[in-house]
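Shown next: run.pdb, given as PDB, C-alpha atoms.
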```
ATOM      1  CA  GLY A   1      11.646 -19.974   2.283
ATOM      2  CA  PRO A   2       9.684 -22.423   4.359
ATOM      3  CA  LEU A   3      11.337 -23.638   7.543
ATOM      4  CA  SER A   4      11.785 -27.302   6.638
ATOM      5  CA  GLU A   5      13.742 -26.599   3.440
ATOM      6  CA  ARG A   6      16.346 -24.230   4.804
ATOM      7  CA  HIS A   7      19.902 -25.234   5.572
ATOM      8  CA  LEU A   8      21.001 -25.390   9.177
ATOM      9  CA  MET A   9      23.197 -22.319   8.714
ATOM     10  CA  ASP A  10      20.238 -20.197   7.624
ATOM     11  CA  VAL A  11      18.060 -21.120  10.599
ATOM     12  CA  ARG A  12      17.920 -18.546  13.401
ATOM     13  CA  LEU A  13      18.560 -19.597  17.002
ATOM     14  CA  GLY A  14      14.959 -19.040  18.048
ATOM     15  CA  GLU A  15      13.646 -21.253  15.259
ATOM     16  CA  LEU A  16      16.016 -24.116  16.019
ATOM     17  CA  PRO A  17      13.543 -26.321  17.977
ATOM     18  CA  SER A  18      10.871 -26.006  15.301
ATOM     19  CA  TRP A  19      13.472 -26.723  12.626
ATOM     20  CA  LEU A  20      14.545 -29.832  14.523
ATOM     21  CA  ALA A  21      10.901 -30.886  14.686
ATOM     22  CA  THR A  22      10.636 -30.880  10.904
ATOM     23  CA  CYS A  23      13.673 -33.142  10.553
ATOM     24  CA  ASN A  24      13.291 -36.750   9.498
ATOM     25  CA  PHE A  25      14.844 -38.883  12.267
ATOM     26  CA  SER A  26      14.130 -42.300  10.776
ATOM     27  CA  PRO A  27      17.208 -44.330   9.723
ATOM     28  CA  GLN A  28      16.633 -43.446   6.068
ATOM     29  CA  GLY A  29      16.234 -39.817   6.998
ATOM     30  CA  LEU A  30      19.421 -39.783   9.056
ATOM     31  CA  LEU A  31      21.290 -41.610   6.329
ATOM     32  CA  GLY A  32      19.973 -39.108   3.792
ATOM     33  CA  GLY A  33      21.091 -36.252   6.015
ATOM     34  CA  VAL A  34      24.576 -37.709   6.382
ATOM     35  CA  GLN A  35      24.733 -38.286   2.618
ATOM     36  CA  LYS A  36      23.712 -34.693   1.913
ATOM     37  CA  ALA A  37      26.234 -33.309   4.408
ATOM     38  CA  TRP A  38      29.044 -35.386   2.929
ATOM     39  CA  ASN A  39      28.083 -34.436  -0.616
ATOM     40  CA  SER A  40      28.067 -30.737   0.188
ATOM     41  CA  TYR A  41      31.458 -30.991   1.947
ATOM     42  CA  TYR A  42      32.865 -33.062  -0.918
ATOM     43  CA  ASP A  43      31.631 -30.687  -3.593
ATOM     44  CA  LYS A  44      32.967 -27.670  -1.762
ATOM     45  CA  TYR A  45      36.467 -28.798  -0.767
ATOM     46  CA  ILE A  46      37.507 -31.966  -2.618
ATOM     47  CA  ASN A  47      35.746 -32.171  -5.993
ATOM     48  CA  VAL A  48      37.483 -29.119  -7.465
ATOM     49  CA  LYS A  49      39.975 -28.658 -10.248
ATOM     50  CA  ARG A  50      42.816 -27.274  -8.122
ATOM     51  CA  GLY A  51      42.317 -28.293  -4.537
ATOM     52  CA  GLY A  52      44.866 -28.063  -1.809
ATOM     53  CA  PRO A  53      45.545 -29.730   1.508
ATOM     54  CA  ALA A  54      42.397 -28.203   2.980
ATOM     55  CA  GLY A  55      40.057 -30.959   1.829
ATOM     56  CA  ILE A  56      41.563 -33.874   3.737
ATOM     57  CA  SER A  57      43.385 -31.892   6.437
ATOM     58  CA  MET A  58      40.041 -30.789   7.894
ATOM     59  CA  LEU A  59      38.843 -34.411   7.873
ATOM     60  CA  LEU A  60      42.035 -35.534   9.625
ATOM     61  CA  ALA A  61      41.760 -32.765  12.205
ATOM     62  CA  GLY A  62      38.158 -33.742  12.894
ATOM     63  CA  TYR A  63      39.261 -37.368  13.286
ATOM     64  CA  CYS A  64      42.025 -36.324  15.737
ATOM     65  CA  LEU A  65      39.540 -34.350  17.848
ATOM     66  CA  LEU A  66      37.024 -37.195  17.832
ATOM     67  CA  SER A  67      39.589 -39.794  18.882
ATOM     68  CA  TYR A  68      40.864 -37.452  21.619
ATOM     69  CA  GLY A  69      37.315 -37.113  22.863
ATOM     70  CA  TRP A  70      36.773 -40.909  22.814
ATOM     71  CA  ASN A  71      39.980 -41.525  24.752
ATOM     72  CA  TYR A  72      39.547 -38.633  27.206
ATOM     73  CA  GLN A  73      38.749 -40.828  30.203
ATOM     74  CA  HIS A  74      42.050 -42.631  29.714
ATOM     75  CA  ILE A  75      44.036 -39.441  29.064
ATOM     76  CA  LYS A  76      42.603 -37.835  32.245
ATOM     77  CA  CYS A  77      44.797 -40.212  34.272
ATOM     78  CA  HIS A  78      47.962 -38.599  32.832
ATOM     79  CA  ARG A  79      47.186 -35.090  34.094
ATOM     80  CA  TRP A  80      50.041 -33.089  35.665
ATOM     81  CA  ARG A  81      48.128 -31.310  38.423
ATOM     82  CA  LYS A  82      45.703 -32.628  40.901
ATOM     83  CA  TYR A  83      43.548 -29.523  41.280
ATOM     84  CA  HIS A  84      42.482 -27.249  38.433
TER      85      HIS A  84
ATOM     86  CA  LEU B   1      -0.670 -74.291 -49.523
ATOM     87  CA  SER B   2       0.311 -71.051 -47.906
ATOM     88  CA  ALA B   3      -2.386 -68.908 -49.539
ATOM     89  CA  PRO B   4      -5.349 -70.208 -47.523
ATOM     90  CA  LEU B   5      -3.263 -69.912 -44.331
ATOM     91  CA  VAL B   6      -2.297 -66.277 -44.847
ATOM     92  CA  PRO B   7      -5.767 -64.672 -44.676
ATOM     93  CA  SER B   8      -6.502 -66.596 -41.517
ATOM     94  CA  ALA B   9      -3.289 -65.551 -39.760
ATOM     95  CA  PRO B  10      -4.304 -61.920 -39.039
ATOM     96  CA  ALA B  11      -7.643 -63.085 -37.712
ATOM     97  CA  ALA B  12      -5.882 -65.563 -35.431
ATOM     98  CA  LEU B  13      -3.504 -62.844 -34.270
ATOM     99  CA  ARG B  14      -6.386 -60.496 -33.593
ATOM    100  CA  SER B  15      -8.125 -63.094 -31.509
ATOM    101  CA  LEU B  16      -5.107 -63.353 -29.148
ATOM    102  CA  PRO B  17      -5.160 -61.157 -26.032
ATOM    103  CA  PRO B  18      -3.053 -57.998 -26.271
ATOM    104  CA  PRO B  19       0.551 -58.606 -25.179
ATOM    105  CA  ALA B  20       0.923 -58.259 -21.419
ATOM    106  CA  ALA B  21       4.553 -57.172 -21.621
ATOM    107  CA  VAL B  22       3.598 -53.550 -22.296
ATOM    108  CA  GLY B  23       1.501 -53.329 -19.147
ATOM    109  CA  VAL B  24       4.170 -55.038 -17.035
ATOM    110  CA  LEU B  25       6.849 -52.755 -18.352
ATOM    111  CA  HIS B  26       4.704 -49.743 -17.622
ATOM    112  CA  ALA B  27       4.151 -50.850 -14.051
ATOM    113  CA  THR B  28       7.717 -51.689 -13.095
ATOM    114  CA  ARG B  29       9.811 -49.024 -14.727
ATOM    115  CA  PRO B  30       8.415 -45.865 -16.286
ATOM    116  CA  LEU B  31      10.851 -44.635 -18.864
ATOM    117  CA  HIS B  32      11.713 -41.059 -19.713
ATOM    118  CA  THR B  33       9.863 -39.517 -16.813
ATOM    119  CA  THR B  34      12.521 -37.001 -15.740
ATOM    120  CA  GLN B  35      13.017 -33.964 -17.848
ATOM    121  CA  GLN B  36      15.774 -34.262 -20.372
ATOM    122  CA  CYS B  37      18.466 -31.714 -19.641
ATOM    123  CA  PRO B  38      20.060 -30.602 -22.887
ATOM    124  CA  ALA B  39      22.723 -28.276 -21.480
ATOM    125  CA  PRO B  40      26.137 -29.769 -20.736
ATOM    126  CA  LEU B  41      27.151 -30.380 -17.125
ATOM    127  CA  PRO B  42      28.432 -27.284 -15.293
ATOM    128  CA  PRO B  43      32.253 -27.345 -15.120
ATOM    129  CA  LEU B  44      34.027 -28.145 -11.873
ATOM    130  CA  PRO B  45      34.840 -25.115  -9.719
ATOM    131  CA  GLU B  46      38.435 -23.965 -10.048
ATOM    132  CA  LYS B  47      39.319 -23.690  -6.376
ATOM    133  CA  GLY B  48      37.747 -25.164  -3.272
ATOM    134  CA  GLY B  49      36.343 -23.177  -0.403
ATOM    135  CA  GLU B  50      38.832 -20.860   1.245
ATOM    136  CA  VAL B  51      40.481 -22.351   4.330
ATOM    137  CA  ARG B  52      42.868 -20.525   6.614
ATOM    138  CA  TYR B  53      45.915 -22.397   7.905
ATOM    139  CA  GLY B  54      44.511 -25.536   6.249
ATOM    140  CA  LEU B  55      42.116 -26.114   9.154
ATOM    141  CA  ILE B  56      39.534 -23.392   9.647
ATOM    142  CA  PRO B  57      37.190 -22.337   6.836
ATOM    143  CA  GLU B  58      37.087 -18.701   5.881
ATOM    144  CA  GLU B  59      33.355 -18.521   6.638
ATOM    145  CA  PHE B  60      34.158 -18.667  10.362
ATOM    146  CA  PHE B  61      36.311 -15.554  10.147
ATOM    147  CA  GLN B  62      33.655 -13.780   8.072
ATOM    148  CA  PHE B  63      31.016 -14.819  10.547
ATOM    149  CA  LEU B  64      32.899 -13.182  13.426
ATOM    150  CA  TYR B  65      34.143 -10.142  11.502
ATOM    151  CA  PRO B  66      31.138  -7.799  12.037
ATOM    152  CA  LYS B  67      31.188  -8.204  15.801
ATOM    153  CA  THR B  68      34.890  -8.585  16.630
ATOM    154  CA  GLY B  69      36.837  -7.299  13.645
ATOM    155  CA  VAL B  70      39.914  -8.991  12.240
ATOM    156  CA  THR B  71      41.570 -10.162  15.456
ATOM    157  CA  GLY B  72      38.417 -11.668  16.972
ATOM    158  CA  PRO B  73      38.872 -15.301  15.851
ATOM    159  CA  TYR B  74      42.540 -15.237  16.838
ATOM    160  CA  MET B  75      41.653 -13.960  20.300
ATOM    161  CA  LEU B  76      39.012 -16.653  20.528
ATOM    162  CA  GLY B  77      41.542 -19.273  19.499
ATOM    163  CA  THR B  78      44.178 -18.084  21.970
ATOM    164  CA  GLY B  79      41.653 -17.899  24.783
ATOM    165  CA  LEU B  80      40.314 -21.355  24.064
ATOM    166  CA  LEU B  81      43.822 -22.812  23.884
ATOM    167  CA  LEU B  82      44.884 -21.280  27.188
ATOM    168  CA  TYR B  83      41.646 -22.422  28.801
ATOM    169  CA  PHE B  84      42.124 -26.005  27.623
ATOM    170  CA  LEU B  85      45.737 -26.010  28.790
ATOM    171  CA  SER B  86      45.078 -24.463  32.174
ATOM    172  CA  LYS B  87      42.106 -26.655  32.991
ATOM    173  CA  GLU B  88      43.998 -29.612  31.533
ATOM    174  CA  ILE B  89      41.140 -30.487  29.265
ATOM    175  CA  TYR B  90      43.989 -30.912  26.799
ATOM    176  CA  VAL B  91      46.678 -32.918  28.557
ATOM    177  CA  ILE B  92      50.301 -32.556  27.476
ATOM    178  CA  ASN B  93      51.854 -35.994  27.215
ATOM    179  CA  HIS B  94      54.049 -37.990  24.828
ATOM    180  CA  GLU B  95      51.391 -37.734  22.167
ATOM    181  CA  THR B  96      51.777 -33.977  22.079
ATOM    182  CA  VAL B  97      55.473 -34.315  21.219
ATOM    183  CA  ALA B  98      54.719 -36.972  18.587
ATOM    184  CA  ALA B  99      51.969 -34.799  17.079
ATOM    185  CA  ALA B 100      54.284 -31.784  16.971
ATOM    186  CA  CYS B 101      57.020 -33.760  15.178
ATOM    187  CA  ILE B 102      54.613 -35.328  12.689
ATOM    188  CA  LEU B 103      52.887 -32.021  11.963
ATOM    189  CA  SER B 104      56.182 -30.241  11.379
ATOM    190  CA  VAL B 105      57.325 -32.950   8.934
ATOM    191  CA  ILE B 106      54.000 -32.882   7.109
ATOM    192  CA  ILE B 107      53.977 -29.113   6.829
ATOM    193  CA  TYR B 108      57.562 -29.082   5.590
ATOM    194  CA  GLY B 109      56.739 -31.756   2.984
ATOM    195  CA  VAL B 110      53.613 -29.966   1.764
ATOM    196  CA  LYS B 111      55.324 -26.623   1.549
ATOM    197  CA  LYS B 112      58.257 -28.058  -0.393
ATOM    198  CA  PHE B 113      56.633 -30.541  -2.768
ATOM    199  CA  GLY B 114      53.051 -29.331  -2.868
ATOM    200  CA  SER B 115      53.294 -27.329  -6.052
ATOM    201  CA  ASP B 116      55.135 -30.085  -7.956
ATOM    202  CA  VAL B 117      52.572 -32.689  -7.036
ATOM    203  CA  ALA B 118      49.789 -30.292  -7.947
ATOM    204  CA  ALA B 119      51.366 -29.628 -11.355
ATOM    205  CA  PHE B 120      51.741 -33.366 -11.992
ATOM    206  CA  ALA B 121      48.113 -34.026 -11.077
ATOM    207  CA  ASP B 122      47.010 -31.150 -13.264
ATOM    208  CA  LYS B 123      48.966 -32.598 -16.173
ATOM    209  CA  LEU B 124      47.277 -35.981 -15.735
ATOM    210  CA  ASN B 125      43.914 -34.307 -15.678
ATOM    211  CA  GLU B 126      44.758 -32.265 -18.750
ATOM    212  CA  GLU B 127      45.705 -35.393 -20.658
ATOM    213  CA  LYS B 128      42.452 -37.084 -19.726
ATOM    214  CA  VAL B 129      40.395 -34.104 -20.757
ATOM    215  CA  ALA B 130      42.398 -33.683 -23.960
ATOM    216  CA  LYS B 131      41.813 -37.322 -24.887
ATOM    217  CA  ALA B 132      38.091 -37.007 -24.316
ATOM    218  CA  LEU B 133      37.996 -33.771 -26.305
ATOM    219  CA  ALA B 134      39.951 -35.398 -29.104
ATOM    220  CA  VAL B 135      37.449 -38.229 -29.273
ATOM    221  CA  LYS B 136      34.589 -35.777 -29.340
ATOM    222  CA  ASN B 137      36.195 -33.665 -32.065
ATOM    223  CA  GLU B 138      36.974 -36.766 -34.064
ATOM    224  CA  ALA B 139      33.374 -37.856 -33.845
ATOM    225  CA  ILE B 140      32.157 -34.396 -34.843
ATOM    226  CA  LYS B 141      34.505 -34.322 -37.829
ATOM    227  CA  ASP B 142      33.414 -37.748 -38.962
ATOM    228  CA  LEU B 143      29.796 -36.745 -38.737
ATOM    229  CA  GLU B 144      30.445 -33.553 -40.655
ATOM    230  CA  THR B 145      32.186 -35.405 -43.482
ATOM    231  CA  ALA B 146      29.291 -37.849 -43.494
ATOM    232  CA  ILE B 147      26.876 -34.915 -43.807
ATOM    233  CA  GLU B 148      28.850 -33.457 -46.695
ATOM    234  CA  GLN B 149      28.907 -36.767 -48.500
ATOM    235  CA  GLU B 150      25.208 -37.138 -47.965
ATOM    236  CA  LYS B 151      24.579 -33.700 -49.425
ATOM    237  CA  LYS B 152      26.760 -34.612 -52.385
ATOM    238  CA  GLU B 153      24.743 -37.740 -52.935
ATOM    239  CA  GLN B 154      21.579 -35.703 -52.802
ATOM    240  CA  TRP B 155      23.014 -33.341 -55.379
ATOM    241  CA  ARG B 156      23.928 -36.288 -57.545
ATOM    242  CA  VAL B 157      20.371 -37.526 -57.420
ATOM    243  CA  GLU B 158      19.305 -34.415 -59.283
ATOM    244  CA  GLY B 159      21.306 -35.579 -62.281
ATOM    245  CA  ARG B 160      19.154 -38.657 -62.619
ATOM    246  CA  SER B 161      17.250 -37.265 -65.584
ATOM    247  CA  TYR B 162      20.422 -36.674 -67.573
ATOM    248  CA  LEU B 163      21.621 -40.163 -66.848
ATOM    249  CA  PHE B 164      18.382 -41.697 -67.981
ATOM    250  CA  ASP B 165      18.278 -39.553 -71.114
ATOM    251  CA  ALA B 166      21.757 -40.734 -72.027
ATOM    252  CA  LYS B 167      20.790 -44.325 -71.400
ATOM    253  CA  ARG B 168      17.662 -43.919 -73.478
ATOM    254  CA  ASN B 169      19.703 -42.460 -76.294
ATOM    255  CA  ASN B 170      22.123 -45.345 -76.104
ATOM    256  CA  ILE B 171      19.351 -47.866 -76.280
ATOM    257  CA  ALA B 172      17.696 -46.097 -79.181
ATOM    258  CA  MET B 173      20.971 -46.110 -81.038
ATOM    259  CA  LEU B 174      21.477 -49.780 -80.390
ATOM    260  CA  LEU B 175      18.011 -50.549 -81.671
ATOM    261  CA  GLU B 176      18.552 -48.433 -84.753
ATOM    262  CA  THR B 177      21.877 -50.087 -85.467
ATOM    263  CA  ASN B 178      20.402 -53.497 -85.074
ATOM    264  CA  TYR B 179      17.500 -52.659 -87.307
ATOM    265  CA  ARG B 180      19.797 -51.365 -90.029
ATOM    266  CA  GLU B 181      22.051 -54.365 -89.765
ATOM    267  CA  ARG B 182      19.094 -56.599 -90.288
ATOM    268  CA  LEU B 183      17.874 -54.507 -93.208
ATOM    269  CA  LEU B 184      21.294 -54.862 -94.782
ATOM    270  CA  THR B 185      21.241 -58.609 -94.234
ATOM    271  CA  VAL B 186      17.832 -58.857 -95.839
ATOM    272  CA  TYR B 187      18.952 -56.784 -98.772
ATOM    273  CA  ASN B 188      22.072 -58.896 -99.262
ATOM    274  CA  GLU B 189      20.177 -62.134 -99.092
ATOM    275  CA  VAL B 190      17.549 -60.997-101.554
ATOM    276  CA  LYS B 191      20.229 -59.670-103.895
ATOM    277  CA  LYS B 192      22.066 -62.961-103.714
ATOM    278  CA  ARG B 193      18.966 -64.883-104.669
ATOM    279  CA  LEU B 194      18.140 -62.498-107.499
ATOM    280  CA  ASP B 195      21.733 -62.639-108.740
ATOM    281  CA  TYR B 196      21.495 -66.368-108.723
ATOM    282  CA  GLN B 197      18.390 -66.279-110.848
ATOM    283  CA  VAL B 198      19.966 -63.822-113.274
ATOM    284  CA  ALA B 199      23.115 -65.911-113.506
ATOM    285  CA  MET B 200      21.026 -68.989-114.130
ATOM    286  CA  GLN B 201      19.161 -67.324-116.950
ATOM    287  CA  ASN B 202      22.389 -65.994-118.466
ATOM    288  CA  LEU B 203      23.998 -69.355-118.249
ATOM    289  CA  LYS B 204      21.022 -71.004-119.861
ATOM    290  CA  ARG B 205      20.956 -68.538-122.753
ATOM    291  CA  GLN B 206      24.710 -68.868-123.161
ATOM    292  CA  LYS B 207      24.501 -72.600-123.290
ATOM    293  CA  GLU B 208      21.646 -72.477-125.734
ATOM    294  CA  GLN B 209      23.538 -70.031-127.924
ATOM    295  CA  ASP B 210      26.712 -72.070-127.861
ATOM    296  CA  HIS B 211      24.871 -75.230-128.539
ATOM    297  CA  MET B 212      22.995 -73.682-131.456
ATOM    298  CA  ILE B 213      26.152 -72.206-132.919
ATOM    299  CA  GLN B 214      27.902 -75.512-132.665
ATOM    300  CA  TRP B 215      24.987 -77.319-134.174
ATOM    301  CA  VAL B 216      24.757 -74.838-137.040
ATOM    302  CA  GLU B 217      28.496 -74.999-137.633
ATOM    303  CA  LYS B 218      28.441 -78.742-137.569
ATOM    304  CA  ASN B 219      25.614 -78.883-140.005
ATOM    305  CA  VAL B 220      27.170 -76.323-142.279
ATOM    306  CA  ILE B 221      30.458 -78.135-142.265
ATOM    307  CA  GLN B 222      28.645 -81.364-142.962
ATOM    308  CA  SER B 223      26.794 -79.778-145.781
ATOM    309  CA  ILE B 224      29.949 -78.559-147.427
ATOM    310  CA  THR B 225      30.594 -81.300-150.027
ATOM    311  CA  PRO B 226      34.116 -81.809-151.411
ATOM    312  CA  GLN B 227      33.007 -80.383-154.758
ATOM    313  CA  GLN B 228      31.930 -77.151-153.165
ATOM    314  CA  GLN B 229      35.122 -77.046-151.142
ATOM    315  CA  LYS B 230      37.257 -77.163-154.295
ATOM    316  CA  GLU B 231      35.175 -74.506-155.925
ATOM    317  CA  SER B 232      35.406 -72.180-152.971
ATOM    318  CA  ILE B 233      39.138 -72.605-152.664
ATOM    319  CA  ALA B 234      39.575 -71.832-156.426
ATOM    320  CA  LYS B 235      37.378 -68.770-156.050
ATOM    321  CA  CYS B 236      39.418 -67.623-153.074
ATOM    322  CA  ILE B 237      42.680 -67.952-154.987
ATOM    323  CA  LEU B 238      41.219 -65.940-157.897
ATOM    324  CA  ASP B 239      40.080 -63.275-155.467
ATOM    325  CA  LEU B 240      43.454 -63.129-153.840
ATOM    326  CA  LYS B 241      45.160 -62.664-157.155
ATOM    327  CA  ALA B 242      42.783 -59.944-158.107
ATOM    328  CA  LEU B 243      43.414 -58.243-154.833
ATOM    329  CA  SER B 244      47.179 -58.528-155.141
ATOM    330  CA  LYS B 245      46.951 -57.001-158.609
ATOM    331  CA  SER B 246      44.897 -54.145-157.324
ATOM    332  CA  ALA B 247      47.289 -53.707-154.468
ATOM    333  CA  GLN B 248      50.307 -53.670-156.760
ATOM    334  CA  ALA B 249      48.554 -51.190-159.027
ATOM    335  CA  ALA B 250      47.787 -48.932-156.061
TER     336      ALA B 250
END
```
When written as structure tokens, how does the structure in this file appear?
Amino acid sequence: GPLSERHLMDVRLGELPSWLATCNFSPQGLLGGVQKAWNSYYDKYINVKRGGPAGISMLLAGYCLLSYGWNYQHIKCHRWRKYH
Amino acid sequence: LSAPLVPSAPAALRSLPPPAAVGVLHATRPLHTTQQCPAPLPPLPEKGGEVRYGLIPEEFFQFLYPKTGVTGPYMLGTGLLLYFLSKEIYVINHETVAAACILSVIIYGVKKFGSDVAAFADKLNEEKVAKALAVKNEAIKDLETAIEQEKKEQWRVEGRSYLFDAKRNNIAMLLETNYRERLLTVYNEVKKRLDYQVAMQNLKRQKEQDHMIQWVEKNVIQSITPQQQKESIAKCILDLKALSKSAQAA
């Protein structure tokens, strides 16, 4: 289909800049994008009849990674070796 | 009082401007613009997306399968892990130990009690769905009984003509009975009056007869002089003797 209506996963690497150009980067657009992403994640992993730990465990893992990244400057001080 | 007002009311109403509410409503909130969707909502999917080891979606493995086969993602994971450790992008400190302990406890808990909790949640869900279904079935049954009763009523309507015929017959009979009762009353009354007249006439004749007889008897008795009385008695005795003689002879 047309470039602006495809999902990110269906966009080829070469078309990525043009796809980004068609995106709506206003606050409403960004909010809409976030809403759509959350809805698709929710419908796929949480809003099912017999879910498992996968739905929230992935969210928790993402949160762990994010918080590690935010605190990396502080954690760098506790390295074991001086040269890597 | 009200009659002269009534013809003027429609004219007065017509002279008013058309109500503005319709236009305002139309501008602010158009109703029924989306297409009505008659089909029921699609049911929830049974299972969520496949996730390996609770962390990495299956699509990642499928994405790498054509190029690297089955072991590709694991090699990638091992390589990345060793890289992070060796370059100390991931630093081992007290948090690592804490994370290891917490993760082991969580995994143990999930593996042991996961199925029980899932069964309990499924039961709750089942009860909710069953209640809703029960309400729906109840409503459907009620409506069906209502439909049947309505059809019965419609069938009953067809018997109207019989009902009215019976009522008409009843009324005709009542009228007839009443008419005959009245005829009988009339007859009785007339007969009573005629009987009265007849009785009167009879009584009158009777009285006249009696009176005449009495008067004749009185006069006859008055006219019987004592001389005649003696003569008649003597004649009677002579007759009696003659009779007794004839009787003795016979």
Closest atom pairs, chain B residues within 9 Å of chain A, all atoms listed in the file, as CSV:
```
residue,atom,partner,partner_atom,distance
B:Leu44,CA,A:Val48,CA,5.7
B:Pro45,CA,A:Val48,CA,5.3
B:Glu46,CA,A:Lys49,CA,4.9
B:Lys47,CA,A:Arg50,CA,5.3
B:Gly48,CA,A:Tyr45,CA,4.6
B:Gly49,CA,A:Tyr45,CA,5.6
B:Glu50,CA,A:Ala54,CA,8.3
B:Val51,CA,A:Ala54,CA,6.3
B:Arg52,CA,A:Ala54,CA,8.5
B:Tyr53,CA,A:Ala54,CA,8.4
B:Gly54,CA,A:Ala54,CA,4.7
B:Leu55,CA,A:Met58,CA,5.3
B:Ile56,CA,A:Met58,CA,7.6
B:Pro57,CA,A:Ala54,CA,8.7
B:Ser86,CA,A:His84,CA,7.3
B:Lys87,CA,A:His84,CA,5.5
B:Glu88,CA,A:Arg79,CA,6.8
B:Ile89,CA,A:Lys76,CA,8.1
B:Tyr90,CA,A:Ile75,CA,8.8
B:Val91,CA,A:Arg79,CA,6.0
B:Ile92,CA,A:Arg79,CA,7.7
B:Asn93,CA,A:His78,CA,7.3
B:Val110,CA,A:Pro53,CA,8.1
B:Gly114,CA,A:Gly52,CA,8.4
B:Ala118,CA,A:Arg50,CA,7.6
B:Asp122,CA,A:Arg50,CA,7.7
B:Asn125,CA,A:Lys49,CA,8.8
```
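Atom to atom, CA of Cys23 in chain A and CA of Asn39 in chain A stand 18.3 Å apart.
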Hey, could you pull the box centre and edge lengths for range 106-109 of chain B, axis-aligned, 3 Å padding per side, all listed atoms, to one decimal in Å, as JSON?
```
{"center_x": 55.8, "center_y": -31.0, "center_z": 5.0, "size_x": 9.6, "size_y": 9.8, "size_z": 10.1}
```
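Distance-wise, CA of Thr96 in chain B and CA of Glu58 in chain B end up 26.7 Å apart.
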Contacts of Thr22 in chain A at 10 Å (all atoms listed in the file; same-chain gap of 3+ positions) as number ranges by chain: A: 3-5, 17-19, 25
Point-to-point distance from CA of Lys204 in chain B to CA of Val216 in chain B, Å rounded to tenths: 18.0 Å
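For Val70 in chain B, the non-local neighbours within 12 Å, defined as residues at least 5 positions apart in the same chain or in other chains and counting all atoms listed in the file, are Glu58, Phe60, Phe61, Gln62, Phe63, Leu64, Tyr65, Met75 and Leu76 of chain B.
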